[in-house]
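Visitor: The structure file coords-v6.cif (mmCIF, C-alpha atoms) is provided below.
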data_input
#
loop_
_atom_site.label_atom_id
_atom_site.label_comp_id
_atom_site.auth_asym_id
_atom_site.auth_seq_id
_atom_site.Cartn_x
_atom_site.Cartn_y
_atom_site.Cartn_z
CA MET H 1467 0.48 -18.09 18.72
CA MET H 1468 0.27 -20.04 15.46
CA PRO H 1469 2.20 -18.35 12.62
CA PRO H 1470 -0.03 -16.95 9.88
CA ALA H 1471 -0.40 -18.67 6.52
CA ALA H 1472 -0.49 -15.36 4.67
CA ILE H 1473 0.57 -11.77 5.15
CA VAL H 1474 -1.25 -8.77 3.70
CA THR H 1475 0.81 -5.61 3.83
CA ASP H 1476 0.01 -1.95 3.51
CA ILE H 1477 2.56 0.24 1.68
CA GLU H 1478 2.78 3.84 2.91
CA GLY H 1479 4.30 3.90 6.39
CA THR H 1480 4.71 0.11 6.37
CA THR H 1481 7.00 -0.95 3.53
CA THR H 1482 7.68 2.54 2.24
CA PRO H 1483 8.46 5.87 3.95
CA ILE H 1484 5.47 8.19 4.12
CA SER H 1485 7.80 10.95 2.97
CA PHE H 1486 8.35 9.20 -0.38
CA VAL H 1487 4.67 9.45 -1.21
CA HIS H 1488 4.34 13.10 -0.17
CA ARG H 1489 7.82 14.27 -1.20
CA VAL H 1490 8.10 12.45 -4.52
CA LEU H 1491 4.95 10.76 -5.85
CA PHE H 1492 2.29 13.37 -5.12
CA PRO H 1493 4.28 16.34 -6.50
CA TYR H 1494 5.18 14.33 -9.62
CA ALA H 1495 1.51 13.63 -10.33
CA ARG H 1496 0.39 17.15 -9.47
CA GLU H 1497 2.85 18.77 -11.86
CA ARG H 1498 1.53 16.62 -14.72
CA MET H 1499 -2.18 16.63 -13.88
CA ALA H 1500 -3.17 19.52 -16.18
CA ALA H 1501 -1.50 17.86 -19.16
CA PHE H 1502 -3.22 14.58 -18.32
CA VAL H 1503 -6.66 16.22 -18.11
CA ALA H 1504 -6.06 17.78 -21.53
CA THR H 1505 -5.72 14.30 -23.06
CA ASN H 1506 -9.34 13.43 -22.16
CA HIS H 1507 -8.18 9.94 -21.15
CA PRO H 1508 -11.00 7.41 -20.48
CA ALA H 1509 -9.93 7.30 -16.81
CA LEU H 1510 -11.36 10.82 -16.48
CA ALA H 1511 -14.91 9.61 -17.07
CA ASP H 1512 -15.62 9.31 -13.32
CA VAL H 1513 -14.22 12.77 -12.46
CA PRO H 1514 -16.82 15.56 -12.17
CA GLU H 1515 -16.29 18.84 -13.99
CA PRO H 1516 -14.24 20.97 -13.65
CA ARG H 1517 -11.93 17.98 -13.79
CA LEU H 1518 -8.59 19.60 -13.02
CA GLU H 1519 -9.96 21.48 -10.01
CA THR H 1520 -11.72 18.33 -8.80
CA LEU H 1521 -8.58 16.21 -9.06
CA LEU H 1522 -6.36 18.78 -7.38
CA GLY H 1523 -8.94 19.19 -4.62
CA TRP H 1524 -8.99 15.45 -4.06
CA MET H 1525 -5.20 15.45 -3.92
CA ASP H 1526 -5.16 18.32 -1.43
CA GLY H 1527 -7.53 16.36 0.80
CA ASP H 1528 -5.59 13.09 0.31
CA GLU H 1529 -8.89 11.50 -0.70
CA LYS H 1530 -8.92 7.73 -1.20
CA ILE H 1531 -11.00 7.92 -4.37
CA THR H 1532 -10.52 5.16 -6.91
CA ALA H 1533 -10.66 7.48 -9.94
CA LEU H 1534 -7.92 9.69 -8.50
CA LYS H 1535 -5.73 6.73 -7.57
CA THR H 1536 -6.14 5.28 -11.05
CA ILE H 1537 -5.10 8.53 -12.71
CA GLN H 1538 -2.15 9.01 -10.39
CA GLY H 1539 -1.05 5.48 -11.24
CA ILE H 1540 -1.15 6.21 -14.97
CA ILE H 1541 0.99 9.32 -14.49
CA TRP H 1542 3.43 7.51 -12.22
CA ALA H 1543 3.80 4.70 -14.77
CA GLU H 1544 5.52 7.09 -17.15
CA GLY H 1545 7.86 8.21 -14.39
CA TYR H 1546 8.82 4.69 -13.32
CA GLU H 1547 9.27 3.49 -16.89
CA SER H 1548 11.47 6.47 -17.76
CA GLY H 1549 13.60 5.99 -14.65
CA ALA H 1550 12.56 9.33 -13.16
CA LEU H 1551 10.90 7.49 -10.25
CA ILE H 1552 12.32 4.68 -8.12
CA GLY H 1553 10.08 3.14 -5.47
CA GLU H 1554 11.56 3.51 -2.00
CA VAL H 1555 11.27 0.57 0.39
CA TYR H 1556 12.76 0.26 3.85
CA GLU H 1557 15.96 -1.81 3.91
CA ASP H 1558 14.43 -4.52 6.12
CA VAL H 1559 11.48 -5.13 3.79
CA ALA H 1560 12.89 -6.99 0.77
CA PRO H 1561 15.04 -9.47 2.76
CA ALA H 1562 12.09 -10.31 5.02
CA LEU H 1563 9.65 -10.73 2.14
CA LYS H 1564 12.09 -13.06 0.36
CA ARG H 1565 12.58 -15.17 3.51
CA TRP H 1566 8.85 -15.40 4.10
CA ALA H 1567 8.15 -16.36 0.50
CA ARG H 1568 10.83 -19.07 0.61
CA ALA H 1569 9.28 -20.39 3.82
CA GLY H 1570 5.93 -20.81 2.04
CA LEU H 1571 4.08 -17.74 3.34
CA ARG H 1572 1.61 -16.29 0.87
CA LEU H 1573 2.20 -12.56 0.45
CA TYR H 1574 -0.32 -9.91 -0.64
CA VAL H 1575 -0.59 -6.13 -0.83
CA TYR H 1576 -3.59 -4.01 0.21
CA SER H 1577 -3.22 -0.27 -0.26
CA SER H 1578 -5.42 2.71 -1.06
CA GLY H 1579 -3.17 3.29 -4.08
CA SER H 1580 -4.35 1.49 -7.21
CA VAL H 1581 -3.10 -2.00 -7.97
CA ALA H 1582 -1.28 -0.56 -10.97
CA ALA H 1583 0.50 1.99 -8.76
CA GLN H 1584 1.40 -0.71 -6.23
CA ARG H 1585 2.95 -2.89 -8.92
CA LEU H 1586 4.89 0.05 -10.33
CA LEU H 1587 6.38 0.91 -6.94
CA PHE H 1588 7.40 -2.67 -6.13
CA GLY H 1589 8.41 -3.43 -9.71
CA HIS H 1590 10.79 -0.45 -9.85
CA SER H 1591 11.88 -0.44 -6.22
CA SER H 1592 15.19 0.46 -4.65
CA ALA H 1593 15.54 -3.27 -3.90
CA GLY H 1594 14.74 -4.41 -7.43
CA ASP H 1595 11.59 -6.04 -8.78
CA LEU H 1596 9.64 -7.36 -5.78
CA ASN H 1597 6.40 -8.11 -7.63
CA PRO H 1598 7.13 -11.83 -8.08
CA LEU H 1599 7.02 -12.21 -4.28
CA PHE H 1600 3.34 -11.24 -4.12
CA GLN H 1601 0.49 -13.53 -5.11
CA ALA H 1602 -2.05 -10.72 -5.57
CA ASN H 1603 -2.70 -7.04 -4.95
CA PHE H 1604 -5.81 -5.35 -3.56
CA ASP H 1605 -6.92 -1.71 -3.58
CA THR H 1606 -10.06 0.24 -2.67
CA ARG H 1607 -12.09 -1.70 -5.22
CA VAL H 1608 -12.27 -4.48 -2.61
CA GLY H 1609 -13.59 -1.91 -0.11
CA PRO H 1610 -12.41 0.93 2.18
CA LYS H 1611 -9.41 0.17 4.35
CA ARG H 1612 -11.18 1.21 7.54
CA GLU H 1613 -14.12 -1.20 7.12
CA ALA H 1614 -14.03 -4.75 8.45
CA ALA H 1615 -15.90 -6.11 5.43
CA SER H 1616 -12.92 -5.30 3.20
CA TYR H 1617 -10.63 -7.61 5.15
CA GLY H 1618 -13.21 -10.37 5.24
CA ALA H 1619 -13.49 -10.10 1.45
CA ILE H 1620 -9.72 -10.38 1.06
CA ALA H 1621 -9.52 -13.47 3.29
CA ARG H 1622 -12.33 -15.14 1.35
CA GLY H 1623 -10.74 -14.11 -1.93
CA ILE H 1624 -7.45 -15.80 -1.12
CA GLY H 1625 -9.18 -18.91 0.23
CA LEU H 1626 -8.14 -18.65 3.89
CA THR H 1627 -9.92 -18.11 7.17
CA ALA H 1628 -9.47 -14.64 8.61
CA GLY H 1629 -7.44 -16.00 11.52
CA GLU H 1630 -4.83 -17.39 9.13
CA VAL H 1631 -4.04 -13.93 7.76
CA LEU H 1632 -1.74 -11.29 9.28
CA PHE H 1633 -2.32 -7.66 8.26
CA LEU H 1634 0.53 -5.15 8.53
CA SER H 1635 -0.15 -1.40 8.61
CA ASP H 1636 0.90 1.76 10.39
CA ILE H 1637 -2.69 3.02 10.72
CA GLU H 1638 -4.51 1.99 13.89
CA ALA H 1639 -7.99 2.42 12.38
CA GLU H 1640 -7.11 0.02 9.55
CA LEU H 1641 -5.79 -2.50 12.05
CA ASP H 1642 -8.96 -2.13 14.11
CA ALA H 1643 -11.05 -2.98 11.05
CA ALA H 1644 -8.85 -5.98 10.20
CA ALA H 1645 -9.02 -7.26 13.78
CA GLN H 1646 -12.81 -6.86 13.77
CA ALA H 1647 -12.86 -9.14 10.71
CA GLY H 1648 -10.80 -11.69 12.62
CA LEU H 1649 -7.36 -11.12 11.09
CA LYS H 1650 -4.14 -11.08 13.07
CA THR H 1651 -2.68 -7.56 13.14
CA CYS H 1652 0.63 -5.81 13.63
CA GLN H 1653 1.34 -2.10 13.55
CA LEU H 1654 4.59 -0.92 11.98
CA VAL H 1655 5.91 1.96 14.09
CA ARG H 1656 8.61 3.40 11.86
CA ALA H 1657 10.79 5.94 13.64
CA ASN H 1658 11.17 8.06 10.50
CA ASP H 1659 7.41 8.28 9.98
CA GLY H 1660 6.50 9.50 13.46
CA THR H 1661 3.85 6.80 13.90
CA LEU H 1662 2.05 6.79 17.24
CA ALA H 1663 2.14 3.31 18.75
CA SER H 1664 -1.19 1.57 19.25
CA THR H 1665 -2.19 0.05 22.57
CA ARG H 1666 -4.62 -2.35 20.87
CA HIS H 1667 -2.29 -4.17 18.49
CA VAL H 1668 1.11 -5.85 18.43
CA THR H 1669 3.69 -3.27 17.35
CA ALA H 1670 6.99 -3.63 15.50
CA ALA H 1671 9.71 -1.20 14.49
CA ASP H 1672 10.55 -3.19 11.34
CA PHE H 1673 9.84 -6.46 9.56
CA GLY H 1674 12.44 -8.24 11.69
CA GLU H 1675 10.35 -7.51 14.77
CA VAL H 1676 7.24 -8.68 12.93
CA ALA H 1677 8.97 -12.01 12.32
CA ALA H 1678 9.96 -12.31 15.97
CA ALA H 1679 6.45 -11.50 17.21
CA PHE H 1680 4.66 -14.01 14.95
CA GLY H 1681 7.16 -16.85 14.70
CA LEU H 1682 8.10 -16.18 11.07
CA ALA H 1683 11.31 -17.04 9.21
CA ARG H 1684 14.12 -14.75 10.37
CA GLY H 1685 17.22 -16.02 8.63
#
For this file, produce the structure as structure tokens.
Guide:
Amino acid sequence: MMPPAAIVTDIEGTTTPISFVHRVLFPYARERMAAFVATNHPALADVPEPRLETLLGWMDGDEKITALKTIQGIIWAEGYESGALIGEVYEDVAPALKRWARAGLRLYVYSSGSVAAQRLLFGHSSAGDLNPLFQANFDTRVGPKREAASYGAIARGIGLTAGEVLFLSDIEAELDAAAQAGLKTCQLVRANDGTLASTRHVTAADFGEVAAAFGLARG
């Protein structure tokens, strides 16, 4: 198997514990949502009335709606910048990303969270500022994560063929869509996240196993 030229990584359940999102980020945004709605921020323009009830309903359903993700990102920005929030990343992630970047791999992020939220998490992470390692970030504005067209658009956008790109995620349906578009795929099966291993994709317990499976830099 030829090593990929680029890696596109998911965040929740892949680089970051699922519990961080649900235990820390979501409650932080929820507690401040009423105050945010009262500001009549321009980001609220795409939220139907009654806005607070709509936003809380979307949060309860874990909806991947761009307007919600944008607003959450704005609220989280205050938390990261004040030091109240620190982005959690698994211990194996930062060393692997740094090795891969030094080896010439092009690194990208694709998450349902907004690009702003992604950059906040990696910019204020438990491993320091990881943003310089990534060449670009993608969110749902490029398309839904469970549709093959989204991954094709990313590959074209970064100037590579689909087969040159490896997509990392914990979600089998996302990996299915990426594989349908022609990308290489690997499922992260993190013990702490209770991920069910796929039978259709290469699996790895951490980024070290990803490196071993795809011939990437390991030391």
Visitor: What are the nearest atom pairs, with distances in Å to one decimal, for all residues of range 1561-1644 of chain H that come at most 6 Å from range 1467-1475 of chain H, using all atoms listed in the file, set out by chain and rising residue number as CSV?
Guide:
residue,atom,partner,partner_atom,distance
H:Leu1571,CA,H:Ala1472,CA,5.3
H:Arg1572,CA,H:Ala1472,CA,4.4
H:Leu1573,CA,H:Ile1473,CA,5.0
H:Tyr1574,CA,H:Val1474,CA,4.6
H:Val1575,CA,H:Thr1475,CA,4.9
H:Tyr1576,CA,H:Thr1475,CA,5.9
H:Glu1630,CA,H:Pro1470,CA,4.9
H:Val1631,CA,H:Ala1472,CA,4.9
H:Leu1632,CA,H:Ile1473,CA,4.8
H:Phe1633,CA,H:Val1474,CA,4.8
H:Leu1634,CA,H:Thr1475,CA,4.7
Visitor: What's around range 1659-1666 of chain H at 9 Å? Count all atoms listed in the file, leave out sequence neighbours fewer than 4 positions away in its own chain, and write the answer as a ChimeraX atom specification.
Guide: /H:1479,1483-1485,1636-1638,1641-1642,1653-1655
Visitor: Could you write out the selected residues, including C-alpha atoms, as a tab-separated table (two decimals), in the coordinates of the input?
Guide:
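The file below, again_35.tsv, is the result:
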chain	number	residue	atom	x	y	z
H	1479	GLY	CA	4.30	3.90	6.39
H	1483	PRO	CA	8.46	5.87	3.95
H	1484	ILE	CA	5.47	8.19	4.12
H	1485	SER	CA	7.80	10.95	2.97
H	1636	ASP	CA	0.90	1.76	10.39
H	1637	ILE	CA	-2.69	3.02	10.72
H	1638	GLU	CA	-4.51	1.99	13.89
H	1641	LEU	CA	-5.79	-2.50	12.05
H	1642	ASP	CA	-8.96	-2.13	14.11
H	1653	GLN	CA	1.34	-2.10	13.55
H	1654	LEU	CA	4.59	-0.92	11.98
H	1655	VAL	CA	5.91	1.96	14.09
Visitor: Could you tell me how far CA of Leu1522 in chain H sits from CA of Tyr1494 in chain H, in Å to one decimal place?
Guide: 12.6 Å
Visitor: Let me know the residues the PyMOL selection byres ((chain H and resi 1520) around 12) catches in the file above, as a list in words.
Guide: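 Here the PyMOL selection byres ((chain H and resi 1520) around 12) matches Met1499, Ala1500, Val1503, Leu1510, Asp1512, Val1513, Pro1514, Glu1515, Pro1516, Arg1517, Leu1518, Glu1519, Leu1521, Leu1522, Gly1523, Trp1524, Met1525, Asp1526, Gly1527, Glu1529, Ile1531, Ala1533 and Leu1534 of chain H.
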Visitor: Which distance in Å separates CA of Leu1599 in chain H and CA of Gly1553 in chain H, to one decimal?
Guide: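 CA of Leu1599 in chain H sits 15.7 Å away from CA of Gly1553 in chain H.
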Visitor: Just to confirm, what's the straight-line distance from CA of Leu1626 in chain H to CA of Gly1648 in chain H in Å (one decimal)?
Guide: 11.5 Å
Visitor: Considering all atoms listed in the file, can you say which of H:Cys1652, H:Ala1562, H:Ala1671, H:Ile1537 comes closest to Leu1596 in chain H?
Guide: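 Ranked by minimum distance to Leu1596 in chain H, first place goes to H:Ala1562.
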Visitor: As AutoDock Vina command-line options, please report the centre and edge lengths, rounded to one decimal in Å, of the axis-aligned box that holds all listed atoms of range 1645-1651 of chain H with 5 Å of padding on each of the six sides.
Guide:
--center_x -7.8 --center_y -9.3 --center_z 12.2 --size_x 20.2 --size_y 14.8 --size_z 13.1
Visitor: Once you count all atoms listed in the file, which residues end up no further than 12 Å from (-11.9, -5.2, 3.9) in the file's frame, shown as a CSV table (one decimal) with C-alpha atoms, in the frame of the given file?
Guide:
chain,number,residue,atom,x,y,z
H,1474,VAL,CA,-1.2,-8.8,3.7
H,1576,TYR,CA,-3.6,-4.0,0.2
H,1577,SER,CA,-3.2,-0.3,-0.3
H,1578,SER,CA,-5.4,2.7,-1.1
H,1604,PHE,CA,-5.8,-5.4,-3.6
H,1605,ASP,CA,-6.9,-1.7,-3.6
H,1606,THR,CA,-10.1,0.2,-2.7
H,1607,ARG,CA,-12.1,-1.7,-5.2
H,1608,VAL,CA,-12.3,-4.5,-2.6
H,1609,GLY,CA,-13.6,-1.9,-0.1
H,1610,PRO,CA,-12.4,0.9,2.2
H,1611,LYS,CA,-9.4,0.2,4.4
H,1612,ARG,CA,-11.2,1.2,7.5
H,1613,GLU,CA,-14.1,-1.2,7.1
H,1614,ALA,CA,-14.0,-4.8,8.4
H,1615,ALA,CA,-15.9,-6.1,5.4
H,1616,SER,CA,-12.9,-5.3,3.2
H,1617,TYR,CA,-10.6,-7.6,5.2
H,1618,GLY,CA,-13.2,-10.4,5.2
H,1619,ALA,CA,-13.5,-10.1,1.4
H,1620,ILE,CA,-9.7,-10.4,1.1
H,1621,ALA,CA,-9.5,-13.5,3.3
H,1622,ARG,CA,-12.3,-15.1,1.4
H,1623,GLY,CA,-10.7,-14.1,-1.9
H,1628,ALA,CA,-9.5,-14.6,8.6
H,1633,PHE,CA,-2.3,-7.7,8.3
H,1640,GLU,CA,-7.1,0.0,9.6
H,1641,LEU,CA,-5.8,-2.5,12.0
H,1642,ASP,CA,-9.0,-2.1,14.1
H,1643,ALA,CA,-11.0,-3.0,11.0
H,1644,ALA,CA,-8.8,-6.0,10.2
H,1645,ALA,CA,-9.0,-7.3,13.8
H,1646,GLN,CA,-12.8,-6.9,13.8
H,1647,ALA,CA,-12.9,-9.1,10.7
H,1648,GLY,CA,-10.8,-11.7,12.6
H,1649,LEU,CA,-7.4,-11.1,11.1
Visitor: Name the closest residue to Thr1482 in chain H among the candidates H:Ala1683, H:Ile1540, H:Val1555, H:Ala1495; distances are taken between atoms, counting only C-alpha atoms.
Guide: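 Using only C-alpha atoms, the shortest distance to Thr1482 in chain H belongs to H:Val1555.
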Visitor: Using all atoms listed in the file, can you tell me which of H:Ile1477, H:Phe1673, H:Arg1656, H:Leu1491 comes closest to Ala1550 in chain H?
Guide: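 Looking only at the distances to Ala1550 in chain H, the closest residue turns out to be H:Leu1491.
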Visitor: Could you tell me, as number ranges by chain, exactly which residues end up selected when the PyMOL selection byres ((chain H and resi 1554) around 10) is applied to this structure?
Guide: H: 1481-1487, 1490, 1551-1553, 1555-1557, 1587-1588, 1590-1593
